[in-house]
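Peer 1: One structure is given below, represented as structure tokens, and several questions about it will come after.
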Amino acid sequence: MCGIVGYIGNRQASTILLDGLRRLEYRGYDSAGVALCGASGLHIVKKAGRIDNLRQAVDDAKPEGTMGISHTRWATHGPATDENAHPHPDQGGKLVLVHNGVIENYQSLRDQLAAKGHTFHSQTDTEVLSHLVGTYFDESTEKDGAQRLVNAVKSALARVKGTYGIAVMHADLPGVIVGARLGSPLIIGLGKNEHFLASDVAAVVNHTRDVVYLNDYDIVTITKDSYDVQSHQGTPAEVKVSRVEFSADDAEKGDFPHYMLKEIYEQPQSLRNAMRGRLSRDECTAVLGGLNMSPRELAQIDRIILAGCGTAYHAAMVGEYLIETLARVPTEVEIASEFRYRNVPANKNTLQFVMSQSGETIDTLAAMREGQRKGIRCLGIVNTVGSTIARESDGGVYIHAGPEIGVAATKTFTSQVTILTLLSLLLGRIHHLSSVDGLEMIDQLEALPDKIVTILKQADKIKTIAEKHAHAEGMLFMGRQANYPVALEGALKMKEISYIYASGHPSAELKHGVIALVKPDMPSVFIAPDDAVFDKNVSNIEEVLARKGPVIAVTTEGRTELERLTQDVIYVPDCPSYLTPILNVIPLQLLSYYTAVARGCDVDKPRNLAKSVTVE
Ligand code: G6P
């Protein structure tokens, strides 16, 4: 949520910063701005709206400088206006700052500064921080310029309650950028005679793959030739240089019109990547070395907690069905933002998993830290290598889905569910699954990517169905058992990108309220695979049709009898019922995608949303 890019080196900074912001735009797109420091001093250009607006303004203003900081905003305090866009100058106008996070006590700090004569030009919490840093800088007698800025940042942050990733520079200090983090991600990109600061490696990966992931309470100083990381206490911090695994091309959309469509089509490969090296035919089980737990330790686990937000929460819900059905270990699923404020009973045999694509979602991170405070072993199921959850968890599993840029999560859902299936296989084999059962599961898992290819070939048919219903007033999504979370995920995708109000329900709950909504412009999407409750789903479909509600059905190849009831039937290949969520979600992803396109929506950047939610 909000993206920061800073650059210092020998090249003109504006092009590098704008390109970095474009790569971070998924983090927020309410406004954007750059500040450059050049021979003629400080230049700030900022604009409400998308990065393209800023690019136009930069083309007009042509600011010069080989160092600069920049920001793409997801608004928290104050609407998306030019004035509220970052960077924000201090009272004297010589210091500029960009910020990701929330300053919770900004109002009292603002009142104190206003009483001393400070004038504020925005409604943001951030502007208070730039004034505060500027005040400490101006008051300092420290001779070393860089240290003076570091000290000013430290003093200001000591007065702040909340979360931050920041980058700061001062017109009188050409050659130095200072950054700091607490709760919001920040990395250093290490180049040759140049350095970068960014919220995410995606912003720098076309310049360098060598990065340092900063920790909470780190303060960093970058010059073109050096970087230095200290803790708040002034002691040198632990620094580890990591190599980014993906290339800049992996984060481009290639020939696809949208990232979301590209990512939907990547699923055969992302599933293979999730499973690679993790299925042992010799031992008929899954191998998840990152859990850092022996079979004996895993056998002691008598309760599992899965926590996440948004799509990751839906994947966790599927996980509950999988783990309880296949491994018989009692499992509960928690919305991370609720878990962090609950007082969940736990014992030494409780195991917690936090699920997160970004590994940075603040509520999921907080749920993990709360679990750790209670002495629970907390593992991550994460996509982003080096993210905060990946670093702070007691172990875990990377889903290896590659960069996901579309704000609506797609491939990471199927990869998360795949990892939970591997976990169920591993635990199941420890408890009661035979080697024959294990081998059968491995065969079925390995067959999934080709089955996804078959579903993707029906994209034109799904597009036609989407266009037919694109102007519906609302949509209902129904599914049972492990496909109930898929119904929730289908409804979430539809809401997020097409702005059609949609809700997901267990099919049998229809009669307990939802059926009151059924009418001709309220289609119901039924996920009705060929399983033990197929006939029950068909009865529910009949009930909807009897009330003139249109039905779109997702079912298993061969169950052609549904064509008697509705023209809009989408078939998915047969598979064991525990794997149906992975296949059934794909038509729903395509349905929401083509609906959004038909409605002229901005698929990859839905209004008001951001991909990485680093504020509470
Ligand atoms: C935001 C995104 C969702 C995502 C959720 C959790 O709401 O828009 O797509 O599912 O955050 O994100 P995480 O990175 O923790 O999986």
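Letters for chains follow the order of the structure tokens (A, B, ...), residue numbers begin at 1 for each chain, and ligand numbers begin at 1 in the order shown.
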Do you know which residues are at most 10 Å from segment 30-34 of chain A counting only C-alpha atoms, after dropping those on the same chain fewer than 4 positions away, and could you put them as JSON, numbers by chain?
Peer 2: {"A": [2, 3, 4, 5, 6, 13, 14, 17, 18, 21, 22, 25, 43, 44, 45, 46, 47, 48, 49, 50, 51, 52, 53, 54, 55, 57, 58, 63, 68, 69, 70, 71, 72, 73, 74, 75, 79, 80, 81, 82, 83, 84, 85, 86, 87, 88, 96, 98, 607, 608, 609, 610]}
Peer 1: Around ligand 1, at most 10 Å away and counting only C-alpha atoms and all ligand atoms, which residues are there? Put them as a ChimeraX atom specification, please.
Peer 2: /A:1,26-27,307-315,336,354-365,381-384,389,404-410,412-413,416,489,492-493,496,605-606,608-614
Peer 1: Taking into account only C-alpha atoms, which residue in the set A:Gly277, A:Thr119, A:Ile541, A:Gly290 is nearest to Glu563 of chain A?
Peer 2: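 Of all the options, A:Ile541 lies closest to Glu563 of chain A.
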Peer 1: Using Å and a single decimal, report how far atom CA of Ala156 of chain A sits from atom CA of Leu129 of chain A.
Peer 2: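 Answer for the atom CA of Leu129 of chain A to atom CA of Ala156 of chain A separation: 7.0 Å.
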Peer 1: Would you please extract all alpha helix (DSSP H) residues from segment 343-374 of chain A, as assigned by DSSP on the backbone, and give them as JSON, numbers by chain?
Peer 2: {"A": [362, 363, 364, 365, 366, 367, 368, 369, 370, 371, 372, 373]}
Peer 1: Per DSSP on the backbone, what are the strand (DSSP E or B) residues of segment 116-217 of chain A, as a short mmCIF file (atom, residue, chain, number, x, y, z; two decimals) with N, CA, C and O atoms, in the first residue's frame?
Peer 2:
```
data_model
loop_
_atom_site.label_atom_id
_atom_site.label_comp_id
_atom_site.auth_asym_id
_atom_site.auth_seq_id
_atom_site.Cartn_x
_atom_site.Cartn_y
_atom_site.Cartn_z
N GLY A 162 2.84 4.53 15.06
CA GLY A 162 2.26 4.05 13.80
C GLY A 162 3.26 3.24 13.01
O GLY A 162 4.17 2.62 13.57
N THR A 163 3.07 3.23 11.71
CA THR A 163 3.93 2.42 10.84
C THR A 163 4.49 3.31 9.74
O THR A 163 3.87 4.29 9.33
N TYR A 164 5.67 2.93 9.26
CA TYR A 164 6.27 3.73 8.20
C TYR A 164 7.32 2.96 7.43
O TYR A 164 8.01 2.10 7.95
N GLY A 165 7.38 3.29 6.14
CA GLY A 165 8.57 3.08 5.32
C GLY A 165 8.77 4.47 4.74
O GLY A 165 7.83 5.05 4.18
N ILE A 166 9.94 5.06 4.91
CA ILE A 166 10.12 6.44 4.44
C ILE A 166 11.44 6.58 3.65
O ILE A 166 12.37 5.79 3.82
N ALA A 167 11.47 7.61 2.82
CA ALA A 167 12.72 8.04 2.19
C ALA A 167 12.74 9.56 2.29
O ALA A 167 11.72 10.23 2.10
N VAL A 168 13.91 10.11 2.65
CA VAL A 168 14.04 11.54 2.94
C VAL A 168 15.30 12.07 2.26
O VAL A 168 16.34 11.39 2.27
N MET A 169 15.23 13.30 1.72
CA MET A 169 16.48 13.95 1.27
C MET A 169 16.39 15.45 1.54
O MET A 169 15.30 15.99 1.77
N HIS A 170 17.54 16.10 1.51
CA HIS A 170 17.61 17.52 1.85
C HIS A 170 18.40 18.25 0.77
O HIS A 170 19.46 17.76 0.33
N ILE A 177 20.56 9.98 0.60
CA ILE A 177 19.13 9.72 0.87
C ILE A 177 19.08 8.84 2.12
O ILE A 177 19.87 7.90 2.26
N VAL A 178 18.16 9.17 3.01
CA VAL A 178 17.99 8.37 4.22
C VAL A 178 16.63 7.69 4.18
O VAL A 178 15.63 8.29 3.74
N GLY A 179 16.59 6.43 4.57
CA GLY A 179 15.33 5.69 4.64
C GLY A 179 15.18 5.03 5.99
O GLY A 179 16.16 4.86 6.73
N ALA A 180 13.95 4.62 6.32
CA ALA A 180 13.71 3.91 7.58
C ALA A 180 12.45 3.09 7.43
O ALA A 180 11.59 3.41 6.61
N ARG A 181 12.34 2.03 8.24
CA ARG A 181 11.11 1.24 8.18
C ARG A 181 10.66 0.77 9.55
O ARG A 181 11.48 0.49 10.44
N LEU A 182 9.35 0.72 9.70
CA LEU A 182 8.72 0.03 10.82
C LEU A 182 7.34 -0.40 10.33
O LEU A 182 6.46 0.44 10.12
N GLY A 183 7.19 -1.65 10.06
CA GLY A 183 5.89 -2.17 9.65
C GLY A 183 5.59 -2.05 8.17
O GLY A 183 4.69 -2.70 7.67
N ILE A 187 13.45 -1.90 0.80
CA ILE A 187 14.66 -2.65 0.42
C ILE A 187 15.69 -1.68 -0.16
O ILE A 187 15.33 -0.60 -0.63
N ILE A 188 16.95 -2.10 -0.14
CA ILE A 188 18.00 -1.34 -0.83
C ILE A 188 18.38 -2.15 -2.07
O ILE A 188 18.62 -3.36 -1.98
N GLY A 189 18.45 -1.49 -3.22
CA GLY A 189 18.96 -2.12 -4.43
C GLY A 189 20.41 -1.71 -4.60
O GLY A 189 20.73 -0.51 -4.55
N LEU A 190 21.30 -2.70 -4.80
CA LEU A 190 22.73 -2.40 -4.86
C LEU A 190 23.20 -2.40 -6.31
O LEU A 190 23.23 -3.45 -6.96
N HIS A 195 22.64 3.45 -6.07
CA HIS A 195 21.85 2.69 -5.11
C HIS A 195 20.39 3.10 -5.21
O HIS A 195 20.07 4.20 -5.66
N PHE A 196 19.53 2.19 -4.77
CA PHE A 196 18.09 2.40 -4.86
C PHE A 196 17.47 2.12 -3.49
O PHE A 196 18.00 1.31 -2.73
N LEU A 197 16.35 2.77 -3.23
CA LEU A 197 15.50 2.38 -2.10
C LEU A 197 14.14 2.08 -2.72
O LEU A 197 13.71 2.79 -3.62
N ALA A 198 13.46 1.05 -2.25
CA ALA A 198 12.14 0.76 -2.83
C ALA A 198 11.31 -0.05 -1.86
O ALA A 198 11.84 -0.73 -0.98
N ASP A 210 20.67 -7.58 -6.84
CA ASP A 210 21.25 -7.69 -5.50
C ASP A 210 20.54 -6.69 -4.57
O ASP A 210 20.57 -5.48 -4.83
N VAL A 211 19.93 -7.22 -3.55
CA VAL A 211 19.13 -6.37 -2.68
C VAL A 211 19.38 -6.69 -1.21
O VAL A 211 19.81 -7.79 -0.87
N VAL A 212 19.07 -5.71 -0.37
CA VAL A 212 19.09 -5.93 1.09
C VAL A 212 17.67 -5.65 1.58
O VAL A 212 17.12 -4.58 1.32
N TYR A 213 17.07 -6.63 2.24
CA TYR A 213 15.75 -6.44 2.84
C TYR A 213 15.94 -5.83 4.22
O TYR A 213 16.61 -6.42 5.07
#
```
Peer 1: Excluding segment 324-326 of chain A and its own-chain neighbours fewer than 3 positions away, which residues fall within 7 Å of it when counting only C-alpha atoms? Please give them as a ChimeraX atom specification.
Peer 2: /A:320-321,329-331,424-425,428
Peer 1: Go ahead and write the selection's residues with N, CA and C atoms as a CSV table (one decimal), in the first residue's frame.
Peer 2:
```csv
chain,number,residue,atom,x,y,z
A,320,GLU,N,-8.8,-25.9,5.3
A,320,GLU,CA,-9.4,-26.5,6.5
A,320,GLU,C,-10.1,-27.8,6.0
A,321,TYR,N,-10.8,-27.7,4.9
A,321,TYR,CA,-11.4,-29.0,4.3
A,321,TYR,C,-10.4,-30.0,4.0
A,329,VAL,N,-6.6,-33.8,11.0
A,329,VAL,CA,-6.1,-32.9,12.1
A,329,VAL,C,-7.1,-31.7,12.2
A,330,PRO,N,-7.7,-31.5,13.4
A,330,PRO,CA,-8.6,-30.4,13.6
A,330,PRO,C,-8.0,-29.0,13.2
A,331,THR,N,-8.7,-28.3,12.4
A,331,THR,CA,-8.1,-27.1,11.8
A,331,THR,C,-9.1,-25.9,11.9
A,424,SER,N,-1.5,-31.4,3.4
A,424,SER,CA,-2.5,-32.5,3.8
A,424,SER,C,-2.0,-33.8,3.5
A,425,LEU,N,-1.3,-34.0,2.3
A,425,LEU,CA,-0.7,-35.2,2.0
A,425,LEU,C,0.4,-35.7,3.0
A,428,GLY,N,-1.3,-36.3,6.2
A,428,GLY,CA,-2.2,-37.6,6.1
A,428,GLY,C,-1.3,-38.8,6.1
```
Peer 1: Would you mind telling me which residue in A:Asp531, A:Val333, A:Glu283, A:Tyr499 lies nearest to Met317 of chain A when using only C-alpha atoms?
Peer 2: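 Nearest to Met317 of chain A: A:Val333.
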Peer 1: Ranking A:Leu510, A:Val244, A:Ile442, A:Met522 by minimum distance to Val385 of chain A and counting only C-alpha atoms, which one comes first?
Peer 2: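 Looking only at the distances to Val385 of chain A, the closest residue turns out to be A:Val244.
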Peer 1: Might you pull out every residue within 12 Å of Lys262 of chain A, with only C-alpha atoms counted and same-chain residues fewer than 2 positions away left off, and present them as a PDB file with N, CA and C atoms, in the first residue's frame?
Peer 2:
```pdb
ATOM      1  N   ASP A 250       9.698 -11.134 -16.134  1.00  0.00           N
ATOM      2  CA  ASP A 250       8.653 -11.903 -15.441  1.00  0.00           C
ATOM      3  C   ASP A 250       7.557 -10.987 -14.907  1.00  0.00           C
ATOM      4  N   ALA A 251       7.897  -9.741 -14.713  1.00  0.00           N
ATOM      5  CA  ALA A 251       6.914  -8.803 -14.147  1.00  0.00           C
ATOM      6  C   ALA A 251       6.310  -7.924 -15.241  1.00  0.00           C
ATOM      7  N   GLU A 252       6.447  -8.321 -16.508  1.00  0.00           N
ATOM      8  CA  GLU A 252       5.816  -7.579 -17.615  1.00  0.00           C
ATOM      9  C   GLU A 252       4.635  -8.381 -18.128  1.00  0.00           C
ATOM     10  N   LYS A 253       3.693  -7.719 -18.813  1.00  0.00           N
ATOM     11  CA  LYS A 253       2.525  -8.495 -19.211  1.00  0.00           C
ATOM     12  C   LYS A 253       2.622  -9.111 -20.603  1.00  0.00           C
ATOM     13  N   GLY A 254       3.729  -8.901 -21.298  1.00  0.00           N
ATOM     14  CA  GLY A 254       3.941  -9.549 -22.593  1.00  0.00           C
ATOM     15  C   GLY A 254       2.822  -9.220 -23.557  1.00  0.00           C
ATOM     16  N   ASP A 255       2.294 -10.244 -24.263  1.00  0.00           N
ATOM     17  CA  ASP A 255       1.260  -9.999 -25.279  1.00  0.00           C
ATOM     18  C   ASP A 255      -0.153  -9.956 -24.704  1.00  0.00           C
ATOM     19  N   PHE A 256      -0.277 -10.149 -23.410  1.00  0.00           N
ATOM     20  CA  PHE A 256      -1.623 -10.161 -22.820  1.00  0.00           C
ATOM     21  C   PHE A 256      -2.121  -8.727 -22.612  1.00  0.00           C
ATOM     22  N   PRO A 257      -3.437  -8.496 -22.787  1.00  0.00           N
ATOM     23  CA  PRO A 257      -3.950  -7.140 -22.585  1.00  0.00           C
ATOM     24  C   PRO A 257      -3.900  -6.697 -21.119  1.00  0.00           C
ATOM     25  N   HIS A 258      -3.942  -7.652 -20.206  1.00  0.00           N
ATOM     26  CA  HIS A 258      -3.919  -7.317 -18.777  1.00  0.00           C
ATOM     27  C   HIS A 258      -3.048  -8.314 -18.022  1.00  0.00           C
ATOM     28  N   TYR A 259      -2.457  -7.848 -16.915  1.00  0.00           N
ATOM     29  CA  TYR A 259      -1.708  -8.758 -16.041  1.00  0.00           C
ATOM     30  C   TYR A 259      -2.614  -9.881 -15.534  1.00  0.00           C
ATOM     31  N   MET A 260      -3.857  -9.528 -15.216  1.00  0.00           N
ATOM     32  CA  MET A 260      -4.726 -10.554 -14.616  1.00  0.00           C
ATOM     33  C   MET A 260      -4.901 -11.729 -15.576  1.00  0.00           C
ATOM     34  N   ILE A 264      -3.777 -15.563 -14.991  1.00  0.00           N
ATOM     35  CA  ILE A 264      -4.709 -16.700 -15.066  1.00  0.00           C
ATOM     36  C   ILE A 264      -4.105 -17.782 -15.969  1.00  0.00           C
ATOM     37  N   TYR A 265      -3.530 -17.349 -17.090  1.00  0.00           N
ATOM     38  CA  TYR A 265      -2.961 -18.304 -18.045  1.00  0.00           C
ATOM     39  C   TYR A 265      -1.652 -18.923 -17.552  1.00  0.00           C
ATOM     40  N   GLU A 266      -1.031 -18.316 -16.577  1.00  0.00           N
ATOM     41  CA  GLU A 266       0.222 -18.886 -16.051  1.00  0.00           C
ATOM     42  C   GLU A 266      -0.026 -20.073 -15.116  1.00  0.00           C
ATOM     43  N   GLN A 267      -1.289 -20.344 -14.784  1.00  0.00           N
ATOM     44  CA  GLN A 267      -1.540 -21.314 -13.716  1.00  0.00           C
ATOM     45  C   GLN A 267      -1.036 -22.735 -13.971  1.00  0.00           C
ATOM     46  N   PRO A 268      -1.066 -23.246 -15.208  1.00  0.00           N
ATOM     47  CA  PRO A 268      -0.462 -24.581 -15.361  1.00  0.00           C
ATOM     48  C   PRO A 268       1.000 -24.575 -14.883  1.00  0.00           C
ATOM     49  N   GLN A 269       1.726 -23.503 -15.234  1.00  0.00           N
ATOM     50  CA  GLN A 269       3.139 -23.446 -14.865  1.00  0.00           C
ATOM     51  C   GLN A 269       3.319 -23.102 -13.383  1.00  0.00           C
ATOM     52  N   SER A 270       2.496 -22.192 -12.867  1.00  0.00           N
ATOM     53  CA  SER A 270       2.697 -21.826 -11.453  1.00  0.00           C
ATOM     54  C   SER A 270       2.397 -23.027 -10.543  1.00  0.00           C
ATOM     55  N   GLY A 402       5.806 -16.738  -8.774  1.00  0.00           N
ATOM     56  CA  GLY A 402       6.369 -15.635  -9.568  1.00  0.00           C
ATOM     57  C   GLY A 402       5.600 -14.358  -9.272  1.00  0.00           C
ATOM     58  N   PRO A 403       6.065 -13.215  -9.821  1.00  0.00           N
ATOM     59  CA  PRO A 403       5.415 -11.953  -9.474  1.00  0.00           C
ATOM     60  C   PRO A 403       3.951 -11.938  -9.906  1.00  0.00           C
ATOM     61  N   GLU A 404       3.086 -11.510  -9.006  1.00  0.00           N
ATOM     62  CA  GLU A 404       1.667 -11.330  -9.347  1.00  0.00           C
ATOM     63  C   GLU A 404       1.400  -9.829  -9.269  1.00  0.00           C
ATOM     64  N   ILE A 405       1.075  -9.231 -10.398  1.00  0.00           N
ATOM     65  CA  ILE A 405       0.948  -7.778 -10.476  1.00  0.00           C
ATOM     66  C   ILE A 405      -0.526  -7.338 -10.471  1.00  0.00           C
ATOM     67  N   GLY A 406      -1.380  -8.104 -11.145  1.00  0.00           N
ATOM     68  CA  GLY A 406      -2.809  -7.766 -11.144  1.00  0.00           C
ATOM     69  C   GLY A 406      -3.280  -7.676  -9.698  1.00  0.00           C
ATOM     70  N   ALA A 409      -5.990 -11.236  -6.978  1.00  0.00           N
ATOM     71  CA  ALA A 409      -5.137 -12.439  -6.912  1.00  0.00           C
ATOM     72  C   ALA A 409      -5.778 -13.580  -7.697  1.00  0.00           C
ATOM     73  N   THR A 410      -4.989 -14.287  -8.486  1.00  0.00           N
ATOM     74  CA  THR A 410      -5.511 -15.427  -9.243  1.00  0.00           C
ATOM     75  C   THR A 410      -4.580 -16.638  -9.070  1.00  0.00           C
ATOM     76  N   LYS A 411      -3.382 -16.550  -9.694  1.00  0.00           N
ATOM     77  CA  LYS A 411      -2.497 -17.721  -9.656  1.00  0.00           C
ATOM     78  C   LYS A 411      -2.022 -18.015  -8.240  1.00  0.00           C
ATOM     79  N   LEU A 456      -8.723 -23.542 -19.760  1.00  0.00           N
ATOM     80  CA  LEU A 456      -8.371 -22.263 -20.394  1.00  0.00           C
ATOM     81  C   LEU A 456      -8.795 -22.239 -21.855  1.00  0.00           C
ATOM     82  N   GLN A 589     -12.518 -17.077 -12.299  1.00  0.00           N
ATOM     83  CA  GLN A 589     -11.554 -15.987 -12.561  1.00  0.00           C
ATOM     84  C   GLN A 589     -11.813 -15.406 -13.954  1.00  0.00           C
ATOM     85  N   LEU A 590     -11.994 -16.298 -14.938  1.00  0.00           N
ATOM     86  CA  LEU A 590     -12.219 -15.824 -16.316  1.00  0.00           C
ATOM     87  C   LEU A 590     -13.559 -15.110 -16.423  1.00  0.00           C
ATOM     88  N   TYR A 593     -13.095 -11.709 -15.070  1.00  0.00           N
ATOM     89  CA  TYR A 593     -12.225 -10.935 -15.976  1.00  0.00           C
ATOM     90  C   TYR A 593     -13.025 -10.425 -17.172  1.00  0.00           C
ATOM     91  N   VAL A 603      -9.145  -3.458 -15.232  1.00  0.00           N
ATOM     92  CA  VAL A 603      -9.025  -4.779 -14.603  1.00  0.00           C
ATOM     93  C   VAL A 603      -7.859  -4.874 -13.619  1.00  0.00           C
ATOM     94  N   ASP A 604      -6.700  -4.386 -14.021  1.00  0.00           N
ATOM     95  CA  ASP A 604      -5.510  -4.577 -13.175  1.00  0.00           C
ATOM     96  C   ASP A 604      -5.433  -3.595 -12.015  1.00  0.00           C
TER      97      ASP A 604
END
```
